[in-house]
>>> print(open('data_21.cif').read())   # mmCIF, C-alpha atoms
data_model
#
loop_
_atom_site.label_atom_id
_atom_site.label_comp_id
_atom_site.auth_asym_id
_atom_site.auth_seq_id
_atom_site.Cartn_x
_atom_site.Cartn_y
_atom_site.Cartn_z
CA MET A 64 107.96 107.51 92.88
CA ASN A 65 104.70 107.60 94.78
CA GLU A 66 104.05 104.02 95.70
CA THR A 67 101.10 102.77 97.67
CA VAL A 68 100.46 99.48 99.41
CA VAL A 69 97.89 97.23 97.83
CA SER A 70 96.56 94.03 99.22
CA MET A 71 94.25 91.50 97.63
CA THR A 72 93.36 87.84 97.68
CA VAL A 73 94.86 86.04 94.70
CA ASN A 74 93.87 82.42 94.16
CA GLY A 75 93.03 82.18 97.85
CA ASP A 76 96.31 83.70 99.12
CA GLN A 77 96.66 87.17 100.58
CA ARG A 78 99.10 89.14 98.41
CA THR A 79 100.50 92.54 99.30
CA GLY A 80 102.81 94.82 97.36
CA ASN A 81 104.04 98.37 96.88
CA VAL A 82 102.92 99.69 93.54
CA GLU A 83 102.88 102.87 91.56
CA PRO A 84 99.27 103.88 90.85
CA ARG A 85 99.91 103.42 87.13
CA LYS A 86 100.76 99.73 87.51
CA ILE A 87 98.04 97.71 85.86
CA LEU A 88 96.68 94.69 87.65
CA ALA A 89 98.11 92.31 85.04
CA ASP A 90 101.64 93.58 85.78
CA PHE A 91 101.03 93.31 89.52
CA LEU A 92 100.00 89.68 89.07
CA ARG A 93 102.94 88.88 86.80
CA GLU A 94 105.73 90.89 88.40
CA ASP A 95 104.78 91.17 92.06
CA CYS A 96 102.93 87.88 92.49
CA GLY A 97 105.00 85.85 90.01
CA LEU A 98 101.83 84.59 88.35
CA THR A 99 102.88 84.72 84.71
CA GLY A 100 99.94 82.66 83.46
CA THR A 101 98.09 85.93 82.88
CA HIS A 102 99.36 87.09 79.50
CA LEU A 103 99.48 90.58 78.07
CA GLY A 104 98.82 90.91 74.37
CA CYS A 105 97.37 94.22 73.24
CA GLU A 106 97.28 96.04 76.60
CA HIS A 107 94.24 98.03 75.59
CA GLY A 108 91.37 95.69 76.21
CA VAL A 109 90.93 94.11 72.81
CA CYS A 110 92.66 90.73 72.79
CA GLY A 111 91.46 89.20 76.06
CA ALA A 112 94.74 87.37 76.84
CA CYS A 113 94.89 89.02 80.28
CA THR A 114 91.38 87.99 81.37
CA ILE A 115 91.10 87.15 85.07
CA MET A 116 88.25 86.85 87.56
CA LEU A 117 87.91 89.99 89.68
CA ASP A 118 85.38 89.65 92.48
CA GLY A 119 83.76 86.81 90.58
CA ARG A 120 83.54 88.50 87.19
CA ALA A 121 85.68 87.97 84.12
CA THR A 122 87.67 91.17 83.68
CA ARG A 123 90.49 92.54 81.53
CA SER A 124 93.40 92.86 83.94
CA CYS A 125 95.07 95.33 81.54
CA LEU A 126 92.17 97.76 82.06
CA VAL A 127 92.28 97.81 85.86
CA PHE A 128 94.99 99.45 87.93
CA ALA A 129 96.31 97.35 90.82
CA VAL A 130 95.31 100.15 93.22
CA GLN A 131 91.72 99.81 92.04
CA ALA A 132 91.76 96.12 92.94
CA ASP A 133 92.90 96.79 96.51
CA GLY A 134 90.80 94.59 98.80
CA SER A 135 89.44 92.49 95.93
CA ASP A 136 89.32 88.78 95.29
CA VAL A 137 91.23 87.71 92.19
CA THR A 138 91.39 84.36 90.44
CA THR A 139 93.92 83.84 87.67
CA VAL A 140 94.31 80.90 85.34
CA GLU A 141 96.65 79.38 87.92
CA GLY A 142 93.75 79.27 90.37
CA LEU A 143 91.26 77.37 88.23
CA ALA A 144 92.53 73.82 88.81
CA ALA A 145 91.88 72.04 92.09
CA GLY A 146 95.39 70.80 92.83
CA ASP A 147 96.33 68.45 89.99
CA GLU A 148 92.77 68.22 88.76
CA LEU A 149 92.13 70.53 85.82
CA ASN A 150 88.82 72.32 85.62
CA PRO A 151 86.44 71.08 82.88
CA VAL A 152 87.43 73.85 80.47
CA GLN A 153 91.15 73.21 80.92
CA GLU A 154 90.60 69.48 80.50
CA ALA A 155 88.58 70.05 77.33
CA PHE A 156 91.17 72.41 75.82
CA ARG A 157 93.72 69.61 76.19
CA ALA A 158 91.43 66.89 74.86
CA GLU A 159 90.04 68.89 71.92
CA HIS A 160 93.22 70.60 70.74
CA GLY A 161 91.91 73.97 71.90
CA LEU A 162 95.34 75.57 71.70
CA GLN A 163 98.17 75.98 69.27
CA CYS A 164 100.89 78.39 70.42
CA GLY A 165 99.12 78.81 73.75
CA PHE A 166 99.52 82.55 74.16
CA CYS A 167 95.81 83.35 74.17
CA THR A 168 94.90 80.20 76.10
CA PRO A 169 94.83 81.57 79.68
CA GLY A 170 92.43 84.32 78.63
CA PHE A 171 90.22 81.92 76.70
CA VAL A 172 90.14 79.44 79.58
CA VAL A 173 89.19 82.09 82.14
CA SER A 174 86.61 83.68 79.83
CA ALA A 175 85.09 80.33 78.91
CA THR A 176 84.95 79.24 82.55
CA ALA A 177 83.16 82.47 83.48
CA PHE A 178 80.86 82.23 80.48
CA LEU A 179 79.78 78.64 81.23
CA ASP A 180 79.22 79.51 84.89
CA ARG A 181 76.50 81.91 83.79
CA ASN A 182 75.26 80.04 80.75
CA PRO A 183 75.96 76.31 81.20
CA ASP A 184 74.00 75.22 78.14
CA PRO A 185 74.65 77.82 75.42
CA THR A 186 73.43 77.73 71.83
CA ASP A 187 76.15 77.84 69.17
CA ASP A 188 75.48 81.54 68.60
CA GLU A 189 75.69 82.33 72.29
CA LEU A 190 78.91 80.37 72.53
CA ARG A 191 80.49 82.28 69.65
CA GLU A 192 79.38 85.58 71.11
CA GLY A 193 80.66 84.51 74.53
CA LEU A 194 84.10 83.80 73.11
CA SER A 195 84.18 86.87 70.85
CA GLY A 196 86.04 88.92 73.43
CA ASN A 197 89.18 86.82 73.05
CA LEU A 198 91.47 86.70 70.04
CA CYS A 199 93.56 83.74 68.87
CA ARG A 200 96.23 84.92 66.42
CA CYS A 201 96.89 81.30 65.38
CA THR A 202 93.22 81.39 64.32
CA GLY A 203 92.57 78.09 66.07
CA TYR A 204 88.97 78.98 66.77
CA GLN A 205 87.36 75.73 65.67
CA GLY A 206 89.31 73.74 68.26
CA ILE A 207 88.50 76.34 70.91
CA LEU A 208 84.77 76.22 70.12
CA ARG A 209 84.89 72.42 70.19
CA ALA A 210 86.68 72.48 73.54
CA VAL A 211 84.22 74.83 75.21
CA ARG A 212 81.29 72.87 73.80
CA ALA A 213 82.87 69.68 75.20
CA ALA A 214 83.39 71.36 78.57
CA ALA A 215 79.71 72.32 78.66
CA GLU A 216 78.68 68.73 77.85
CA ALA A 217 81.07 67.31 80.43
CA THR A 218 79.77 69.62 83.13
CA LYS A 219 76.19 68.79 82.22
CA ALA A 220 76.92 65.05 82.38
CA ARG A 221 78.65 65.42 85.73
CA THR A 222 75.82 67.35 87.34
CA ALA A 223 72.99 65.34 85.73
CA MET B 48 102.64 100.35 76.68
CA LYS B 49 102.31 101.74 80.17
CA PRO B 50 100.49 104.87 81.27
CA ALA B 51 102.45 107.95 82.29
CA PRO B 52 102.68 108.41 86.08
CA PHE B 53 99.74 109.95 87.93
CA ASP B 54 98.53 110.48 91.46
CA TYR B 55 95.58 108.36 92.43
CA TYR B 56 92.76 109.16 94.82
CA ALA B 57 89.82 106.98 95.73
CA PRO B 58 87.49 109.24 97.73
CA ALA B 59 84.57 107.80 99.69
CA THR B 60 82.15 110.65 98.98
CA VAL B 61 81.10 112.86 96.07
CA ASP B 62 82.06 115.96 98.08
CA GLU B 63 85.62 114.74 98.44
CA ALA B 64 85.78 113.74 94.79
CA VAL B 65 84.70 117.10 93.41
CA GLN B 66 87.04 118.93 95.79
CA LEU B 67 89.94 116.84 94.46
CA LEU B 68 88.89 117.75 90.93
CA ARG B 69 88.67 121.44 91.80
CA ASP B 70 92.13 121.36 93.37
CA ALA B 71 93.75 119.68 90.39
CA GLY B 72 92.06 121.75 87.68
CA ASP B 73 92.27 120.39 84.17
CA GLU B 74 95.12 118.02 85.05
CA ALA B 75 92.64 115.64 86.71
CA LYS B 76 90.30 113.05 85.28
CA VAL B 77 87.52 111.01 86.81
CA ILE B 78 87.84 107.26 86.46
CA ALA B 79 84.84 104.99 87.00
CA GLY B 80 84.97 101.58 85.31
CA GLY B 81 87.96 102.68 83.25
CA GLN B 82 87.06 100.61 80.22
CA SER B 83 87.42 103.58 77.87
CA LEU B 84 89.87 105.68 79.85
CA VAL B 85 92.49 103.03 80.64
CA PRO B 86 93.05 102.06 76.99
CA MET B 87 93.63 105.74 76.21
CA LEU B 88 96.05 106.02 79.14
CA ASN B 89 97.86 102.80 78.19
CA LEU B 90 98.27 104.02 74.63
CA ARG B 91 99.22 107.46 75.98
CA LEU B 92 96.55 109.03 73.84
CA ALA B 93 95.62 110.78 77.07
CA ARG B 94 97.60 111.63 80.20
CA PHE B 95 96.54 113.20 83.45
CA GLU B 96 98.45 114.12 86.59
CA VAL B 97 95.61 113.02 88.85
CA LEU B 98 93.01 110.29 88.60
CA VAL B 99 90.00 110.50 90.90
CA ASP B 100 88.45 107.05 91.19
CA ILE B 101 84.74 107.32 91.97
CA GLY B 102 84.36 103.52 92.01
CA ARG B 103 84.39 103.36 95.80
CA ILE B 104 81.58 105.86 96.35
CA ASP B 105 78.72 103.56 97.32
CA GLU B 106 75.92 106.12 96.85
CA LEU B 107 76.76 106.36 93.13
CA ARG B 108 75.90 102.74 92.43
CA ARG B 109 72.19 102.69 93.29
CA VAL B 110 69.46 101.85 90.82
CA GLU B 111 65.93 102.69 91.95
CA GLN B 112 62.61 103.83 90.64
CA ILE B 113 61.39 107.08 92.19
CA GLY B 114 57.95 107.98 90.92
CA GLU B 115 58.01 108.17 87.14
CA GLU B 116 61.79 108.01 86.87
CA VAL B 117 64.42 105.34 87.20
CA VAL B 118 67.49 106.82 88.83
CA VAL B 119 70.68 105.08 87.77
CA GLY B 120 73.78 106.01 89.74
CA ALA B 121 76.74 106.97 87.60
CA THR B 122 78.84 103.96 88.61
CA ALA B 123 76.10 101.34 88.27
CA ARG B 124 77.82 98.65 86.29
CA GLN B 125 76.66 97.52 82.88
CA CYS B 126 76.74 93.87 83.99
CA ASP B 127 74.28 94.73 86.78
CA ILE B 128 72.04 96.84 84.51
CA GLU B 129 71.86 93.86 82.14
CA VAL B 130 70.03 91.79 84.78
CA ASP B 131 68.33 94.51 86.83
CA GLY B 132 64.61 93.87 87.26
CA THR B 133 63.63 97.52 87.67
CA VAL B 134 65.50 98.51 84.53
CA ALA B 135 64.02 95.63 82.53
CA LYS B 136 60.50 96.59 83.54
CA SER B 137 60.65 100.38 83.57
CA VAL B 138 63.41 101.36 81.11
CA PRO B 139 63.45 98.40 78.71
CA LEU B 140 65.45 100.34 76.13
CA LEU B 141 68.36 100.70 78.56
CA ALA B 142 68.23 96.97 79.26
CA ALA B 143 68.07 96.10 75.56
CA ALA B 144 71.05 98.28 74.64
CA THR B 145 73.33 96.89 77.33
CA PRO B 146 74.34 93.51 75.84
CA LEU B 147 75.52 95.38 72.72
CA ILE B 148 78.24 97.21 74.68
CA GLY B 149 81.68 95.66 74.18
CA HIS B 150 82.08 92.13 75.48
CA PHE B 151 80.84 90.71 78.76
CA GLN B 152 84.34 91.10 80.23
CA ILE B 153 84.11 94.85 79.51
CA ARG B 154 80.60 95.13 80.98
CA SER B 155 81.96 93.60 84.21
CA ARG B 156 83.60 96.97 84.92
CA GLY B 157 81.99 99.44 82.54
CA THR B 158 79.47 101.85 84.05
CA VAL B 159 76.39 103.74 82.87
CA GLY B 160 77.75 107.14 83.82
CA GLY B 161 81.18 106.37 82.42
CA SER B 162 79.81 105.52 79.01
CA ILE B 163 77.65 108.64 78.92
CA ALA B 164 80.34 110.98 80.24
CA HIS B 165 82.89 109.50 77.82
CA ALA B 166 80.45 110.47 75.04
CA ASP B 167 81.72 108.26 72.26
CA PRO B 168 79.41 109.08 69.35
CA ALA B 169 79.16 105.39 68.39
CA ALA B 170 78.24 104.21 71.90
CA GLU B 171 74.79 102.91 72.80
CA TYR B 172 74.05 104.55 76.17
CA PRO B 173 74.43 108.17 75.02
CA ALA B 174 71.85 107.50 72.30
CA VAL B 175 69.51 105.85 74.82
CA ALA B 176 69.84 108.84 77.17
CA LEU B 177 69.19 111.24 74.30
CA ALA B 178 66.18 109.35 72.95
CA LEU B 179 64.53 109.03 76.36
CA ASP B 180 65.15 112.68 77.33
CA ALA B 181 67.14 111.57 80.35
CA LYS B 182 68.16 114.09 83.00
CA LEU B 183 71.82 114.09 83.99
CA ASP B 184 72.57 115.04 87.59
CA VAL B 185 75.91 116.72 88.04
CA ALA B 186 77.79 117.76 91.16
CA ALA B 187 80.63 120.24 91.73
CA PRO B 188 81.98 121.72 94.98
CA SER B 189 79.00 123.38 96.71
CA ARG B 190 76.92 123.35 93.53
CA GLN B 191 74.64 120.92 91.77
CA ARG B 192 72.75 121.09 88.52
CA THR B 193 70.80 118.96 86.10
CA ILE B 194 71.61 118.86 82.40
CA ASP B 195 69.11 117.66 79.81
CA ALA B 196 70.53 114.90 77.66
CA ASN B 197 69.92 117.00 74.54
CA GLU B 198 72.29 119.65 75.91
CA PHE B 199 74.92 117.28 77.24
CA PHE B 200 76.75 115.95 74.19
CA ALA B 201 79.01 118.57 72.64
CA GLY B 202 81.15 116.54 70.24
CA THR B 203 83.29 113.41 70.03
CA TRP B 204 84.31 112.64 73.63
CA MET B 205 83.13 116.12 74.67
CA THR B 206 80.28 117.03 76.99
CA ALA B 207 78.82 119.98 78.87
CA LEU B 208 80.63 118.88 82.05
CA GLU B 209 83.03 121.40 83.60
CA ASP B 210 86.45 120.31 84.88
CA ASP B 211 85.27 120.19 88.49
CA GLU B 212 81.96 118.44 87.79
CA ILE B 213 81.06 114.79 88.16
CA LEU B 214 78.09 113.08 86.60
CA THR B 215 76.42 111.48 89.61
CA ALA B 216 73.20 109.98 88.26
CA VAL B 217 71.16 109.54 85.13
CA ARG B 218 67.39 109.82 85.51
CA PHE B 219 65.41 107.96 82.87
CA PRO B 220 61.71 108.81 82.50
CA VAL B 221 59.40 105.78 82.62
CA TRP B 222 57.16 105.57 79.56
CA PRO B 223 53.54 104.48 79.99
CA SER B 224 52.22 101.03 79.10
CA GLY B 225 51.50 100.73 75.40
CA SER B 226 55.08 101.72 74.65
CA GLY B 227 57.58 99.73 72.63
CA PHE B 228 61.32 100.04 72.24
CA ALA B 229 64.06 98.64 70.07
CA VAL B 230 67.77 99.04 69.48
CA GLU B 231 69.42 97.94 66.26
CA GLU B 232 73.01 98.27 65.15
CA VAL B 233 75.45 96.96 62.59
CA ALA B 234 79.00 96.15 63.68
CA ARG B 235 81.70 94.22 61.87
CA ARG B 236 82.10 91.76 64.74
CA TYR B 237 80.46 91.00 68.06
CA GLY B 238 81.51 93.61 70.59
CA ASP B 239 82.88 96.18 68.16
CA PHE B 240 81.61 99.72 68.17
CA ALA B 241 78.70 99.95 65.76
CA ILE B 242 79.28 101.38 62.31
CA ALA B 243 75.83 102.86 62.84
CA GLY B 244 72.90 102.13 65.08
CA ALA B 245 69.49 103.38 66.15
CA VAL B 246 67.31 103.36 69.23
CA VAL B 247 63.57 103.86 68.95
CA GLY B 248 60.75 104.35 71.42
CA VAL B 249 57.08 104.67 70.49
CA HIS B 250 53.96 105.09 72.57
CA VAL B 251 50.81 103.88 70.85
CA GLU B 252 47.30 104.95 71.87
CA ASP B 253 44.16 103.76 70.08
CA GLY B 254 46.17 102.53 67.12
CA ARG B 255 48.04 105.81 66.59
CA VAL B 256 51.52 106.86 67.60
CA ALA B 257 51.17 109.34 70.45
CA ARG B 258 54.87 109.82 71.06
CA ALA B 259 58.03 108.81 69.23
CA ALA B 260 61.74 109.03 69.94
CA VAL B 261 64.36 108.10 67.38
CA ALA B 262 68.09 108.52 68.02
CA LEU B 263 71.06 107.55 65.89
CA PHE B 264 74.58 106.66 66.95
CA GLY B 265 77.74 106.42 64.89
CA MET B 266 76.20 108.90 62.48
CA GLY B 267 77.87 112.13 63.60
CA SER B 268 80.14 113.61 66.25
CA THR B 269 77.39 113.14 68.86
CA PRO B 270 74.35 110.91 69.09
CA LEU B 271 71.57 112.50 67.06
CA ARG B 272 67.82 112.87 67.49
CA ALA B 273 66.04 112.23 64.20
CA ALA B 274 63.39 114.94 64.41
CA GLU B 275 62.00 114.40 60.89
CA ALA B 276 61.49 110.70 61.56
CA GLU B 277 59.79 111.43 64.88
CA ALA B 278 57.48 113.99 63.27
CA ALA B 279 56.56 111.48 60.58
CA LEU B 280 55.68 108.89 63.21
CA VAL B 281 53.63 111.02 65.60
CA ASP B 282 49.87 110.97 64.93
CA SER B 283 50.25 108.26 62.28
CA ALA B 284 48.02 105.21 62.39
CA VAL B 285 50.24 102.25 63.19
CA ASP B 286 48.93 100.15 60.31
CA GLN B 287 49.69 102.96 57.83
CA ILE B 288 53.31 103.48 58.81
CA ASP B 289 55.93 102.85 56.14
CA ALA B 290 58.93 101.98 58.30
CA ALA B 291 61.35 102.30 55.38
CA ALA B 292 60.17 105.87 54.76
CA ILE B 293 60.77 106.63 58.43
CA GLY B 294 64.28 105.19 58.01
CA THR B 295 64.92 107.51 55.09
CA ALA B 296 63.54 110.51 56.97
CA ALA B 297 65.88 109.72 59.87
CA VAL B 298 69.05 109.97 57.80
CA VAL B 299 68.34 112.58 55.08
CA SER B 300 69.82 115.48 57.00
CA THR B 301 72.74 113.57 58.54
CA GLU B 302 76.36 113.90 57.46
CA PRO B 303 77.92 110.75 58.85
CA PRO B 304 81.69 110.36 59.16
CA ASP B 305 83.79 108.82 56.43
CA ASP B 306 86.53 106.55 57.73
CA LEU B 307 88.21 103.21 57.13
CA HIS B 308 85.35 101.33 58.79
CA ALA B 309 82.69 102.72 56.46
CA SER B 310 82.12 105.50 53.99
CA SER B 311 79.65 108.23 54.77
CA GLY B 312 77.28 106.77 52.21
CA LEU B 313 77.46 103.29 53.69
CA ARG B 314 76.69 104.73 57.12
CA GLN B 315 73.63 106.49 55.76
CA HIS B 316 72.50 103.26 54.16
CA ILE B 317 73.04 101.36 57.41
CA GLY B 318 71.40 104.15 59.41
CA ARG B 319 68.30 103.92 57.23
CA THR B 320 68.21 100.15 57.62
CA VAL B 321 68.62 100.07 61.39
CA VAL B 322 65.95 102.75 61.88
CA THR B 323 63.57 100.79 59.66
CA ARG B 324 64.16 97.62 61.65
CA ALA B 325 63.97 99.33 65.02
CA VAL B 326 60.75 101.22 64.17
CA THR B 327 59.15 97.97 63.00
CA ARG B 328 60.10 96.12 66.17
CA ALA B 329 59.19 98.96 68.51
CA LEU B 330 55.72 99.30 66.96
CA GLN B 331 55.16 95.57 67.28
CA GLU B 332 56.25 95.62 70.91
CA ALA B 333 54.03 98.63 71.70
CA GLN B 334 50.98 96.77 70.46
CA ASN B 335 51.81 93.70 72.49
CA ARG B 336 52.21 95.50 75.77
#
>>> encode(input="data_21.cif", output="structure tokens")
Amino acid sequence: MNETVVSMTVNGDQRTGNVEPRKILADFLREDCGLTGTHLGCEHGVCGACTIMLDGRATRSCLVFAVQADGSDVTTVEGLAAGDELNPVQEAFRAEHGLQCGFCTPGFVVSATAFLDRNPDPTDDELREGLSGNLCRCTGYQGILRAVRAAAEATKARTA
Amino acid sequence: MKPAPFDYYAPATVDEAVQLLRDAGDEAKVIAGGQSLVPMLNLRLARFEVLVDIGRIDELRRVEQIGEEVVVGATARQCDIEVDGTVAKSVPLLAAATPLIGHFQIRSRGTVGGSIAHADPAAEYPAVALALDAKLDVAAPSRQRTIDANEFFAGTWMTALEDDEILTAVRFPVWPSGSGFAVEEVARRYGDFAIAGAVVGVHVEDGRVARAAVALFGMGSTPLRAAEAEAALVDSAVDQIDAAAIGTAAVVSTEPPDDLHASSGLRQHIGRTVVTRAVTRALQEAQNR
């Protein structure tokens, strides 16, 4: 097997591993870094469960090979909280019943965090479009929308 | 679902990249953003022995206006095009089409050249390139050429590129002031490929259409120029134009695909509707600029 060394910053820590070129970033994070918060649903870019931040942008980690992320800065769902303090989106998902089985939740939380970073005060349409790249097979979308709306309000109140 | 094994190269220059392609023959594939290729690899709909990643070639990511053209490097990312000031000002149709591509998480990695070289007939960028008569710069070992957009798209996922060629840049002509543009599409859900869509550009002088470009996507095995619709627009007085008739002219000679997403007839109906809407908006914009 032709393995190569990859090295990247994951949630602030330098992580290095030997990977086959075909190993997708999501599997590197789960298997080599032990960060199993990143979930794999469809593995072809549709469901959004594997969404992570790659160099500051929300990205499908099933559509990037680990070798392509060599030298990059990655944040997974495990890296969103500051110690024991959840980020506003995580807090709102808990408060507003934004999850049922929880499988899609890491992807939604990362996507919503990235979305609100760029659009802190979205209209309802923008919010729905912003969340349209993630699927919840429990169909718990109303709670998710409510949670992300609450996170936007909470962030606005905090910075006002 | 894991891809079959492959060798991976991430060259730093175009010269190196095309040499790698030449050496590997048809067993090699270029990867840029990977947002179309990686799903196909994961599903094993496609497999290659060698992937040549052009994502680390800095010179391919530039976006700049040179004279009457905006040169967009092949690996310029869609998320950057979406907010690029030069693109917004000088190639507004490219800017307008970008938010319709996939979801924002896909546009984080997806590239201009990747979308065009992938040549999905329902994708937005190929239709934009076709409508605007873009020039596609292509490099191979010790050889370069330019392909007109109207000669580039050969069929579903097929282009005029040879195995050892890389699309390096797309040159979009800048239209004069007094031009208006619009993109319209119908998709089942946000982010899905369009069932059918249209891009329109018009240049209005003294109340008459001096130049028109109408292209359809999702309506055939390649993006299509709607020559009848363009001919009906050119030289017409803007206040006499029947946009619905233009919509009909755009689709009469099409034979759109019939699949589980939509019948051929529904696609023609949608094609007519999106052209009508896009022509109306483009004409309005042209008069306001």
>>> closest_residue(input="data_21.cif", among="B:Thr193, B:Ser155, B:Ser137, B:Ser300", to="chain A", atoms="all atoms listed in the file")
B:Ser155
>>> interface_residues(input="data_21.cif", of="chain B", to="chain A", cutoff="9 Å", atoms="all atoms listed in the file", output="VMD selection string")
chain B and resid 48 to 55 57 80 to 90 100 102 to 103 149 to 156 236 to 238
>>> axis_aligned_box(input="data_21.cif", around="segment 184-188 of chain B", padding_each_side="5 Å", output="JSON")
{"center_x": 77.3, "center_y": 118.4, "center_z": 91.3, "size_x": 19.4, "size_y": 16.7, "size_z": 17.4}
>>> resolve_selection(input="data_21.cif", expression="the PyMOL selection byres ((chain A and resi 77) around 12)", output="PDB file with C-alpha atoms, in the frame of the given file")
ATOM      1  CA  VAL A  69      97.890  97.230  97.830  1.00  0.00           C
ATOM      2  CA  SER A  70      96.560  94.030  99.220  1.00  0.00           C
ATOM      3  CA  MET A  71      94.250  91.500  97.630  1.00  0.00           C
ATOM      4  CA  THR A  72      93.360  87.840  97.680  1.00  0.00           C
ATOM      5  CA  VAL A  73      94.860  86.040  94.700  1.00  0.00           C
ATOM      6  CA  ASN A  74      93.870  82.420  94.160  1.00  0.00           C
ATOM      7  CA  GLY A  75      93.030  82.180  97.850  1.00  0.00           C
ATOM      8  CA  ASP A  76      96.310  83.700  99.120  1.00  0.00           C
ATOM      9  CA  ARG A  78      99.100  89.140  98.410  1.00  0.00           C
ATOM     10  CA  THR A  79     100.500  92.540  99.300  1.00  0.00           C
ATOM     11  CA  GLY A  80     102.810  94.820  97.360  1.00  0.00           C
ATOM     12  CA  CYS A  96     102.930  87.880  92.490  1.00  0.00           C
ATOM     13  CA  ASP A 133      92.900  96.790  96.510  1.00  0.00           C
ATOM     14  CA  GLY A 134      90.800  94.590  98.800  1.00  0.00           C
ATOM     15  CA  SER A 135      89.440  92.490  95.930  1.00  0.00           C
ATOM     16  CA  ASP A 136      89.320  88.780  95.290  1.00  0.00           C
ATOM     17  CA  VAL A 137      91.230  87.710  92.190  1.00  0.00           C
ATOM     18  CA  THR A 138      91.390  84.360  90.440  1.00  0.00           C
TER      19      THR A 138
END
>>> closest_residue(input="data_21.cif", among="B:Met205, B:Ile128, B:Ile163, B:Val285", to="Val251 of chain B", atoms="all atoms listed in the file")
B:Val285
>>> resolve_selection(input="data_21.cif", expression="the PyMOL selection byres ((chain B and resi 187) around 12)", output="MDAnalysis selection string")
chainID B and resid 61:70 184:186 188:193 208:215
>>> build_atoms(input="data_21.cif", residues="segment 319-330 of chain B", atoms="N, CA and C atoms", output="compact mmCIF listing (two decimals), in the coordinates of the input")
# COMPACT_ATOMS: atom_id res chain seq x y z
N ARG B 319 69.67 104.08 57.72
CA ARG B 319 68.30 103.92 57.23
C ARG B 319 67.78 102.52 57.58
N THR B 320 68.63 101.54 57.38
CA THR B 320 68.21 100.15 57.62
C THR B 320 67.94 99.89 59.10
N VAL B 321 68.83 100.37 59.97
CA VAL B 321 68.62 100.07 61.39
C VAL B 321 67.41 100.82 61.94
N VAL B 322 67.16 102.03 61.44
CA VAL B 322 65.95 102.75 61.88
C VAL B 322 64.70 101.98 61.42
N THR B 323 64.72 101.54 60.18
CA THR B 323 63.57 100.79 59.66
C THR B 323 63.29 99.56 60.53
N ARG B 324 64.35 98.82 60.83
CA ARG B 324 64.16 97.62 61.65
C ARG B 324 63.70 97.97 63.06
N ALA B 325 64.30 98.99 63.64
CA ALA B 325 63.97 99.33 65.02
C ALA B 325 62.54 99.88 65.13
N VAL B 326 62.12 100.69 64.16
CA VAL B 326 60.75 101.22 64.17
C VAL B 326 59.77 100.05 64.08
N THR B 327 60.05 99.12 63.18
CA THR B 327 59.15 97.97 63.00
C THR B 327 59.01 97.19 64.30
N ARG B 328 60.14 96.91 64.94
CA ARG B 328 60.10 96.12 66.17
C ARG B 328 59.45 96.88 67.31
N ALA B 329 59.75 98.17 67.41
CA ALA B 329 59.19 98.96 68.51
C ALA B 329 57.67 99.05 68.40
N LEU B 330 57.18 99.22 67.16
CA LEU B 330 55.72 99.30 66.96
C LEU B 330 55.06 97.97 67.32
